[in-house]
Amino acid sequence: MVMFAVVQLSAQTSATHSTAKKIYQPTNASIEETLSYLASDELAGRKIGSEGIEKAARYIEKIFKKFHLKPYFETYRDSFEYKENIGYNLVAFKEGSDPELKHELVVLGAHYDHIGVINSKSEDTIANGANDNASGTTSILELAKYFSARETKRSLLFVLFSGEEEGLKGSEHLAERLKEEKASLYVMLNYEMVGVPLQNTSYTAYLTGYNQSNFADKFNQYAQKEVFGFFPKAKAYNLFKRSDNYPFYKAFHIPAQTLCTFDFSNYDYYHKVGDEVQLMDINHIRKLIEETIPGIEGMANSSAEEIKLND
């Protein structure tokens, strides 16, 4: 049902374009391929400054190039220093079609770093980070592929952050850089640990900072589905401030929130070597991506800025 709705929406919108382009649709095979590489032993947990995260960065850049997404800066890489290491956020850009609204940015992000090689009681010492956060990274890459051939009135930034595991270092750097350059950000939506489904909820993912804005309500209206819901323990865990949405909220004071399907009870391998791709629910990830597409299109195409912080 979700796939049909997205395809139908694509067909209706494409009919209004003078030059129709083939719209990419997320597939289980593509999701599994990307997840499997990012969470492979070859990348050794993608710790900042490592050879493994450099391989991940090159892989991401190839996808951006293949789908003809432009670098937002001179290159895809937004570099920053951290403890004698150079970290790289990867930033791709899809320009909006509206002469006025294209100057407003919708930021879609996820962190692609993880904690690398760790001490473990087992022989396996690689924290592969399939759920945290190869799942979110894969989701952003699938969205980048989809929107590469879709017109939206506002411009889109597809961002993969490094240094999240070191205390949001990459997102802090990028948020401040964009602020210094006087970029106009509308909203920021961050994908974090979406590899396994929530249990016994009416919604697909919870949104951190739920009561700080009308983000969830408007997004669900656009999607015509209860995609985002409220996670009662989010405030106790301080989740709003623990992922890459938070630096954008601090720098721009805009709706900047994280979606997640990990609730600390439905997956046992957070920051452990057991966080492997074999445990990811590929079908769930695809459905989540498909369910968020109409909401993103609603944010990117609304004539007014309808998503706002609460008073």
# chains A, B, ... in the order shown; residues from 1 in each chain; ligands from 1
$ select_by_dssp --residues "segment 85-158 of chain A" --states "alpha helix (DSSP H)" --output "list in words"
Ser135, Gly136, Thr137, Thr138, Ser139, Ile140, Leu141, Glu142, Leu143, Ala144, Lys145, Tyr146 and Phe147 of chain A
$ write_last_selection --atoms "all heavy atoms" --output "CSV table (one decimal), in the first residue's frame"
chain,number,residue,atom,x,y,z
A,135,SER,N,22.1,2.2,9.1
A,135,SER,CA,20.7,2.2,8.7
A,135,SER,C,20.2,3.6,8.3
A,135,SER,O,19.5,3.8,7.3
A,135,SER,CB,19.8,1.6,9.8
A,135,SER,OG,19.9,2.4,11.0
A,136,GLY,N,20.6,4.6,9.1
A,136,GLY,CA,20.2,6.0,8.8
A,136,GLY,C,20.9,6.5,7.6
A,136,GLY,O,20.3,7.2,6.8
A,137,THR,N,22.2,6.2,7.5
A,137,THR,CA,23.0,6.6,6.3
A,137,THR,C,22.4,6.0,5.0
A,137,THR,O,22.2,6.7,4.0
A,137,THR,CB,24.5,6.1,6.5
A,137,THR,OG1,25.0,6.7,7.6
A,137,THR,CG2,25.3,6.5,5.2
A,138,THR,N,22.1,4.7,5.1
A,138,THR,CA,21.4,4.1,3.9
A,138,THR,C,20.1,4.8,3.5
A,138,THR,O,19.8,5.0,2.4
A,138,THR,CB,21.2,2.6,4.2
A,138,THR,OG1,22.5,2.0,4.4
A,138,THR,CG2,20.5,1.9,3.0
A,139,SER,N,19.4,5.1,4.6
A,139,SER,CA,18.1,5.8,4.3
A,139,SER,C,18.3,7.1,3.6
A,139,SER,O,17.6,7.5,2.6
A,139,SER,CB,17.4,6.0,5.6
A,139,SER,OG,17.1,4.8,6.3
A,140,ILE,N,19.3,7.9,4.0
A,140,ILE,CA,19.6,9.2,3.4
A,140,ILE,C,20.0,9.0,1.9
A,140,ILE,O,19.6,9.7,1.0
A,140,ILE,CB,20.6,10.0,4.2
A,140,ILE,CG1,20.0,10.4,5.5
A,140,ILE,CG2,21.1,11.2,3.4
A,140,ILE,CD1,18.8,11.3,5.4
A,141,LEU,N,20.8,8.0,1.7
A,141,LEU,CA,21.3,7.7,0.3
A,141,LEU,C,20.1,7.3,-0.6
A,141,LEU,O,20.1,7.7,-1.7
A,141,LEU,CB,22.4,6.7,0.4
A,141,LEU,CG,23.7,7.1,1.0
A,141,LEU,CD1,24.7,6.0,1.1
A,141,LEU,CD2,24.3,8.3,0.2
A,142,GLU,N,19.2,6.5,0.0
A,142,GLU,CA,18.0,6.1,-0.8
A,142,GLU,C,17.2,7.3,-1.1
A,142,GLU,O,16.6,7.5,-2.3
A,142,GLU,CB,17.2,5.1,-0.1
A,142,GLU,CG,17.9,3.7,0.0
A,142,GLU,CD,18.0,3.0,-1.4
A,142,GLU,OE1,17.0,2.7,-2.0
A,142,GLU,OE2,19.2,2.9,-1.8
A,143,LEU,N,17.0,8.2,-0.2
A,143,LEU,CA,16.3,9.5,-0.4
A,143,LEU,C,17.0,10.4,-1.4
A,143,LEU,O,16.4,11.0,-2.3
A,143,LEU,CB,16.1,10.2,0.9
A,143,LEU,CG,15.2,9.6,1.9
A,143,LEU,CD1,15.3,10.2,3.3
A,143,LEU,CD2,13.7,9.6,1.4
A,144,ALA,N,18.3,10.4,-1.4
A,144,ALA,CA,19.1,11.2,-2.3
A,144,ALA,C,18.9,10.7,-3.7
A,144,ALA,O,18.7,11.5,-4.7
A,144,ALA,CB,20.6,11.2,-2.0
A,145,LYS,N,18.9,9.4,-3.9
A,145,LYS,CA,18.6,8.8,-5.2
A,145,LYS,C,17.2,9.1,-5.7
A,145,LYS,O,17.0,9.5,-6.9
A,145,LYS,CB,18.7,7.2,-5.1
A,145,LYS,CG,20.1,6.7,-4.8
A,145,LYS,CD,20.1,5.2,-4.6
A,145,LYS,CE,21.4,4.7,-4.1
A,145,LYS,NZ,21.4,3.2,-3.9
A,146,TYR,N,16.2,9.0,-4.8
A,146,TYR,CA,14.8,9.3,-5.2
A,146,TYR,C,14.7,10.8,-5.6
A,146,TYR,O,14.1,11.1,-6.7
A,146,TYR,CB,13.9,9.0,-4.0
A,146,TYR,CG,12.5,9.4,-4.3
A,146,TYR,CD1,11.6,8.5,-5.0
A,146,TYR,CD2,12.0,10.6,-3.8
A,146,TYR,CE1,10.3,8.9,-5.2
A,146,TYR,CE2,10.7,11.0,-4.0
A,146,TYR,CZ,9.8,10.1,-4.7
A,146,TYR,OH,8.5,10.5,-5.0
A,147,PHE,N,15.2,11.7,-4.8
A,147,PHE,CA,14.9,13.1,-5.1
A,147,PHE,C,15.9,13.7,-6.1
A,147,PHE,O,15.7,14.8,-6.6
A,147,PHE,CB,15.1,13.9,-3.8
A,147,PHE,CG,13.9,13.8,-2.9
A,147,PHE,CD1,13.9,13.0,-1.8
A,147,PHE,CD2,12.7,14.5,-3.2
A,147,PHE,CE1,12.7,12.9,-0.9
A,147,PHE,CE2,11.6,14.5,-2.4
A,147,PHE,CZ,11.6,13.6,-1.3
$ residues_around --residues "segment 247-263 of chain A" --least-positions-apart "6" --cutoff "9 Å" --atoms "only C-alpha atoms" --output "ChimeraX atom specification"
/A:107,131,136,168,171-176,178-179,184-198,204-210,212-215,228,231,233-234,239-241,307-309
$ residues_around --residues "segment 34-43 of chain A" --least-positions-apart "3" --cutoff "8 Å" --atoms "only C-alpha atoms" --output "NGL selection string"
:A and (30-31 or 46 or 51-53 or 55-56 or 126 or 128-130 or 134-135 or 138 or 276-277)
$ atom_distance --atom1 "atom CA of Gly170 of chain A" --atom2 "atom CA of Arg242 of chain A"
13.0 Å
$ closest_residue --among "A:Gly87, A:Pro294, A:Pro232, A:Pro71" --to "Glu164 of chain A" --atoms "only C-alpha atoms"
A:Gly87
$ residues_around --residues "Val273 of chain A" --least-positions-apart "3" --cutoff "10 Å" --atoms "only C-alpha atoms" --output "list in words"
Gly45, Ile115, Gly116, Val117, Ile118, Asn119, Ser120, Lys121, Ser122, Glu123, Asp124, Thr125, Ile126, Ala127, Asn128, Gly129, Ala130, Tyr269, Tyr270 and Glu276 of chain A
$ select_by_dssp --residues "segment 87-301 of chain A" --states "strand (DSSP E)" --output "PyMOL selection string"
chain A and resi 87-94+104-111+155-161+184-191+205-207+228-229+256-260
$ atom_distance --atom1 "atom CA of Leu108 of chain A" --atom2 "atom CA of Leu157 of chain A"
6.0 Å
$ closest_residue --among "A:Ala304, A:Gly109, A:Lys70, A:Ile48" --to "Lys83 of chain A" --atoms "only C-alpha atoms"
A:Ile48
$ atom_distance --atom1 "atom CA of Ser162 of chain A" --atom2 "atom CA of Asn89 of chain A"
5.4 Å
$ closest_atom_pairs --of "segment 166-276 of chain A" --to "segment 298-302 of chain A" --cutoff "8 Å" --atoms "only C-alpha atoms" --output "Markdown table"
| residue | atom | partner | partner_atom | distance |
| --- | --- | --- | --- | --- |
| A:Phe219 | CA | A:Gly298 | CA | 7.4 |
| A:Tyr222 | CA | A:Gly298 | CA | 5.3 |
| A:Ala223 | CA | A:Gly298 | CA | 7.7 |
$ closest_residue --among "A:Ile86, A:Val106, A:Ala149, A:Leu156" --to "Lys169 of chain A" --atoms "only C-alpha atoms"
A:Ile86
